[in-house]
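The next block is structure_22.cif, given as mmCIF, C-alpha atoms and all ligand atoms.
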data_upload
loop_
_atom_site.group_PDB
_atom_site.id
_atom_site.type_symbol
_atom_site.label_atom_id
_atom_site.label_comp_id
_atom_site.auth_asym_id
_atom_site.auth_seq_id
_atom_site.Cartn_x
_atom_site.Cartn_y
_atom_site.Cartn_z
ATOM 1 C CA MET A 1 56.609 181.907 130.968
ATOM 2 C CA ALA A 2 56.369 178.870 128.727
ATOM 3 C CA ASP A 3 59.471 176.753 128.208
ATOM 4 C CA PRO A 4 61.294 177.545 124.940
ATOM 5 C CA PHE A 5 60.231 175.288 122.068
ATOM 6 C CA ARG A 6 62.434 172.267 121.623
ATOM 7 C CA ASN A 7 62.230 170.054 118.591
ATOM 8 C CA THR A 8 62.416 166.751 120.440
ATOM 9 C CA PRO A 9 60.879 163.704 118.747
ATOM 10 C CA PRO A 10 59.794 160.623 120.761
ATOM 11 C CA ALA A 11 62.628 158.520 122.188
ATOM 12 C CA PRO A 12 63.704 155.299 120.444
ATOM 13 C CA GLU A 13 61.902 152.183 121.645
ATOM 14 C CA ASP A 14 62.109 148.653 120.240
ATOM 15 C CA ASN A 15 59.125 146.851 121.797
ATOM 16 C CA GLY A 16 57.350 144.664 119.246
ATOM 17 C CA VAL A 17 58.526 143.397 115.867
ATOM 18 C CA MET A 18 55.164 144.114 114.228
ATOM 19 C CA THR A 19 55.091 147.631 115.678
ATOM 20 C CA ALA A 20 58.579 148.282 114.268
ATOM 21 C CA GLN A 21 57.407 147.107 110.846
ATOM 22 C CA ASN A 22 54.303 149.288 111.088
ATOM 23 C CA VAL A 23 56.302 152.355 112.091
ATOM 24 C CA ALA A 24 58.763 151.710 109.221
ATOM 25 C CA ALA A 25 55.831 151.519 106.792
ATOM 26 C CA ALA A 26 54.389 154.728 108.249
ATOM 27 C CA LEU A 27 57.802 156.440 107.865
ATOM 28 C CA ALA A 28 57.874 155.495 104.169
ATOM 29 C CA GLY A 29 54.280 156.620 103.624
ATOM 30 C CA GLU A 30 54.636 159.962 105.427
ATOM 31 C CA SER A 31 57.928 160.695 103.624
ATOM 32 C CA GLN A 32 56.264 159.999 100.299
ATOM 33 C CA ALA A 33 53.223 162.136 101.145
ATOM 34 C CA SER A 34 55.471 165.054 102.115
ATOM 35 C CA GLN A 35 57.344 164.847 98.797
ATOM 36 C CA LYS A 36 54.108 164.574 96.808
ATOM 37 C CA TYR A 37 52.641 167.650 98.491
ATOM 38 C CA LEU A 38 55.785 169.703 97.752
ATOM 39 C CA ALA A 39 55.513 168.740 94.072
ATOM 40 C CA PHE A 40 51.769 169.514 94.136
ATOM 41 C CA ALA A 41 52.540 172.940 95.667
ATOM 42 C CA ASP A 42 54.812 173.783 92.708
ATOM 43 C CA VAL A 43 51.970 172.883 90.302
ATOM 44 C CA ALA A 44 49.531 175.050 92.283
ATOM 45 C CA ASP A 45 52.010 177.967 92.070
ATOM 46 C CA ALA A 46 52.413 177.442 88.311
ATOM 47 C CA GLU A 47 48.603 177.394 87.915
ATOM 48 C CA SER A 48 48.288 180.675 89.930
ATOM 49 C CA TYR A 49 46.833 179.199 93.110
ATOM 50 C CA PRO A 50 49.407 180.571 95.593
ATOM 51 C CA ASN A 51 47.263 179.798 98.627
ATOM 52 C CA VAL A 52 46.643 176.215 97.551
ATOM 53 C CA ALA A 53 50.442 176.002 97.178
ATOM 54 C CA ARG A 54 50.843 177.357 100.727
ATOM 55 C CA LEU A 55 48.365 174.787 102.037
ATOM 56 C CA PHE A 56 50.238 171.928 100.337
ATOM 57 C CA ARG A 57 53.566 173.166 101.772
ATOM 58 C CA ALA A 58 52.087 173.408 105.281
ATOM 59 C CA VAL A 59 50.680 169.878 105.148
ATOM 60 C CA ALA A 60 53.983 168.620 103.658
ATOM 61 C CA TYR A 61 55.717 170.065 106.720
ATOM 62 C CA ALA A 62 53.193 168.335 109.012
ATOM 63 C CA GLU A 63 53.801 165.002 107.265
ATOM 64 C CA SER A 64 57.556 165.489 107.591
ATOM 65 C CA THR A 65 57.170 165.940 111.355
ATOM 66 C CA HIS A 66 55.357 162.581 111.442
ATOM 67 C CA ALA A 67 58.130 160.992 109.379
ATOM 68 C CA ARG A 68 60.793 162.360 111.733
ATOM 69 C CA ASN A 69 58.911 161.108 114.806
ATOM 70 C CA HIS A 70 58.584 157.612 113.289
ATOM 71 C CA LEU A 71 62.295 157.637 112.364
ATOM 72 C CA SER A 72 63.154 158.584 115.946
ATOM 73 C CA VAL A 73 61.034 155.756 117.403
ATOM 74 C CA LEU A 74 62.955 153.360 115.101
ATOM 75 C CA GLY A 75 66.261 154.646 116.532
ATOM 76 C CA GLY A 76 67.252 156.118 113.170
ATOM 77 C CA ILE A 77 68.472 159.514 114.430
ATOM 78 C CA GLY A 78 71.910 159.629 116.064
ATOM 79 C CA THR A 79 74.812 162.018 116.605
ATOM 80 C CA THR A 80 76.167 163.886 113.572
ATOM 81 C CA THR A 81 78.997 161.348 113.221
ATOM 82 C CA GLU A 82 76.509 158.459 113.354
ATOM 83 C CA ASN A 83 74.143 160.246 110.983
ATOM 84 C CA LEU A 84 76.916 160.915 108.441
ATOM 85 C CA LYS A 85 77.895 157.227 108.557
ATOM 86 C CA ALA A 86 74.252 156.193 108.070
ATOM 87 C CA ALA A 87 73.828 158.695 105.216
ATOM 88 C CA TRP A 88 77.047 157.459 103.531
ATOM 89 C CA GLY A 89 75.854 153.856 103.917
ATOM 90 C CA GLY A 90 72.479 154.653 102.372
ATOM 91 C CA GLU A 91 74.064 156.381 99.378
ATOM 92 C CA THR A 92 76.544 153.525 98.926
ATOM 93 C CA PHE A 93 73.756 150.930 98.864
ATOM 94 C CA GLU A 94 71.882 152.965 96.247
ATOM 95 C CA ILE A 95 75.019 153.344 94.091
ATOM 96 C CA ASP A 96 76.342 149.782 94.370
ATOM 97 C CA GLU A 97 73.148 147.750 94.417
ATOM 98 C CA MET A 98 69.776 149.435 94.216
ATOM 99 C CA TYR A 99 70.017 151.757 91.223
ATOM 100 C CA PRO A 100 72.184 149.444 89.048
ATOM 101 C CA ALA A 101 69.612 146.679 89.580
ATOM 102 C CA TYR A 102 66.667 149.009 88.928
ATOM 103 C CA ASP A 103 68.415 150.370 85.827
ATOM 104 C CA ALA A 104 68.892 146.856 84.446
ATOM 105 C CA VAL A 105 65.161 146.161 84.788
ATOM 106 C CA ALA A 106 64.212 149.539 83.265
ATOM 107 C CA LYS A 107 66.501 148.776 80.279
ATOM 108 C CA LEU A 108 64.995 145.302 79.889
ATOM 109 C CA GLN A 109 61.526 146.842 79.891
ATOM 110 C CA GLU A 110 62.579 149.755 77.647
ATOM 111 C CA ASN A 111 61.228 152.395 80.039
ATOM 112 C CA MET A 112 63.271 155.419 78.910
ATOM 113 C CA SER A 113 61.840 157.835 81.500
ATOM 114 C CA ALA A 114 62.667 155.503 84.368
ATOM 115 C CA GLN A 115 66.204 155.077 82.969
ATOM 116 C CA THR A 116 66.570 158.876 82.997
ATOM 117 C CA SER A 117 65.275 159.365 86.550
ATOM 118 C CA ILE A 118 67.394 156.446 87.781
ATOM 119 C CA ARG A 119 70.522 157.843 86.049
ATOM 120 C CA TYR A 120 69.947 161.317 87.556
ATOM 121 C CA ALA A 121 69.571 159.794 91.016
ATOM 122 C CA LEU A 122 72.547 157.437 90.687
ATOM 123 C CA LYS A 123 74.900 160.234 89.553
ATOM 124 C CA ALA A 124 73.738 162.589 92.326
ATOM 125 C CA GLU A 125 74.113 159.848 94.973
ATOM 126 C CA MET A 126 77.750 159.574 93.862
ATOM 127 C CA ASP A 127 78.166 163.313 94.543
ATOM 128 C CA HIS A 128 76.613 162.860 97.970
ATOM 129 C CA GLN A 129 78.704 159.797 98.821
ATOM 130 C CA GLY A 130 81.903 161.784 98.188
ATOM 131 C CA ILE A 131 80.675 164.850 100.094
ATOM 132 C CA TYR A 132 79.542 162.749 103.088
ATOM 133 C CA ASP A 133 82.857 160.888 103.086
ATOM 134 C CA SER A 134 84.989 164.052 103.337
ATOM 135 C CA THR A 135 82.520 165.698 105.757
ATOM 136 C CA LEU A 136 82.636 162.652 108.063
ATOM 137 C CA LYS A 137 86.446 162.802 108.181
ATOM 138 C CA GLY A 138 86.204 166.421 109.355
ATOM 139 C CA VAL A 139 83.471 165.769 111.936
ATOM 140 C CA GLU A 140 85.414 162.809 113.377
ATOM 141 C CA GLY A 141 88.094 165.429 114.146
ATOM 142 C CA LYS A 142 85.383 167.752 115.593
ATOM 143 C CA LYS A 143 85.633 170.041 112.546
ATOM 144 C CA ASP A 144 82.557 171.481 110.834
ATOM 145 C CA VAL A 145 82.355 171.407 107.044
ATOM 146 C CA ASP A 146 83.508 174.507 105.093
ATOM 147 C CA ALA A 147 81.147 177.505 105.031
ATOM 148 C CA LYS A 148 81.055 177.381 101.207
ATOM 149 C CA PRO A 149 77.611 177.265 99.570
ATOM 150 C CA VAL A 150 76.192 173.896 98.509
ATOM 151 C CA ARG A 151 74.492 174.125 95.107
ATOM 152 C CA VAL A 152 71.993 171.633 93.714
ATOM 153 C CA CYS A 153 70.607 171.196 90.191
ATOM 154 C CA PRO A 154 66.795 171.576 90.390
ATOM 155 C CA ILE A 155 66.283 168.976 87.659
ATOM 156 C CA CYS A 156 68.685 166.112 88.402
ATOM 157 C CA GLY A 157 69.951 166.826 91.927
ATOM 158 C CA HIS A 158 73.630 167.113 90.880
ATOM 159 C CA THR A 159 75.267 168.518 94.020
ATOM 160 C CA VAL A 160 78.433 170.609 94.268
ATOM 161 C CA ILE A 161 80.252 172.445 97.037
ATOM 162 C CA GLY A 162 81.059 176.013 95.956
ATOM 163 C CA ASP A 163 80.394 177.455 92.501
ATOM 164 C CA ALA A 164 77.811 175.920 90.165
ATOM 165 C CA PRO A 165 79.117 174.773 86.768
ATOM 166 C CA ASP A 166 78.080 176.812 83.675
ATOM 167 C CA GLU A 167 75.918 173.865 82.730
ATOM 168 C CA CYS A 168 74.925 170.764 84.689
ATOM 169 C CA PRO A 169 77.130 167.875 83.477
ATOM 170 C CA GLN A 170 74.301 165.373 84.002
ATOM 171 C CA CYS A 171 71.268 167.106 82.509
ATOM 172 C CA GLY A 172 72.419 170.348 80.843
ATOM 173 C CA THR A 173 70.488 172.754 83.084
ATOM 174 C CA ALA A 174 72.143 176.208 83.293
ATOM 175 C CA GLY A 175 74.146 176.688 86.500
ATOM 176 C CA SER A 176 72.244 179.927 87.235
ATOM 177 C CA TYR A 177 69.202 177.789 88.075
ATOM 178 C CA PHE A 178 71.026 175.770 90.740
ATOM 179 C CA LYS A 179 69.474 176.132 94.203
ATOM 180 C CA GLU A 180 71.867 177.410 96.849
ATOM 181 C CA PHE A 181 71.999 176.168 100.451
HETATM 182 FE FE FE A 201 71.285 168.552 86.418
#
As structure tokens:
Amino acid sequence: MADPFRNTPPAPEDNGVMTAQNVAAALAGESQASQKYLAFADVADAESYPNVARLFRAVAYAESTHARNHLSVLGGIGTTTENLKAAWGGETFEIDEMYPAYDAVAKLQENMSAQTSIRYALKAEMDHQGIYDSTLKGVEGKKDVDAKPVRVCPICGHTVIGDAPDECPQCGTAGSYFKEF
């Protein structure tokens, strides 16, 4: 009988500065391709091509396996405690530096759409920072996070633990549309 499937990406390895840069570039590219294909799948569904949508979702999954393998080679996947710290750090950088700087440029250049997408992301990253912070405290004491649903606004990514609001405070989408995890 075949061994049970195990989702084990390649082990971390740090030989070669140029290789590390190449793998980091490939991680960014594969991540982006996966996201594009998921968005393309939604369009195919809306245009009544359900099997084109299925194809896009399958290839998005394939690209995400490549992204995860590249991330593993770069040593970017750790224990849950390490991963929560890394996730908190990434959100904090986006909140404190990246998005405020990007927003300033978008304002200077009067790009209203970019200001909107940046504001949605910045506000949602603040939700995530807080959730990761409290979750990390629990996991450091070997305690899993509460079994409550996590609900996410499909338009702006506003993220809450437990009940959705009547209306999203960031973008006004009705809470009944929030996606539950
Ligand atoms: Fe929203």
How far is it from atom CA of Ala53 of chain A to atom CA of Ser31 of chain A, in Å with one decimal?
-> 18.2 Å
Using the chain letters and numbers from the file, give me the residues hit by the PyMOL selection byres (((chain A and resi 131-136) around 9) and not hetatm), as a PyMOL selection string.
-> chain A and resi 80-81+84-85+87-88+126-130+137-141+143-146+159-161
Give me, please, the distance in Å between atom CA of Tyr61 of chain A and atom CA of Ser117 of chain A, quoted to one decimal.
->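 About the pair atom CA of Tyr61 of chain A and atom CA of Ser117 of chain A: they are 24.8 Å apart.
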Residue with the minimum atom-to-atom distance to Ala39 of chain A, picked from A:Ile118, A:Ser64, A:Ile155, A:Phe56 with all atoms listed in the file counted, is A:Phe56
With the file shown as input, list the residues that the PyMOL selection byres (((not hetatm)) within 9 of (chain A and resi 201)) selects, as a ChimeraX atom specification.
-> /A:120,124,152-159,167-175,178
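When all atoms listed in the file are used to measure the gap to Ala33 of chain A, the shortest distance among A:Ala62, A:Ala114, A:Ala2, A:Val105 belongs to A:Ala62.
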Name the residues that the PyMOL selection byres (((chain A and resi 25-29) around 9) and not hetatm) pulls out of this structure, and write them as an NGL selection string.
-> :A and (20-24 or 30-34 or 66-71)
Compile the contact shell of Asp14 of chain A as JSON, numbers by chain: residues with an atom at most 10 Å away, counting all atoms listed in the file, same-chain residues fewer than 3 positions apart removed.
-> {"A": [17, 19, 20, 73, 74, 75]}
Ref. answer, residues at most 7 Å from (73.1, 179.1, 101.1) with all atoms listed in the file, as JSON, numbers by chain | {"A": [149, 150, 180, 181]}
Please, what distance in Å, to one decimal, runs between atom CA of Asp45 of chain A and atom CA of Lys123 of chain A?
-> 29.1 Å
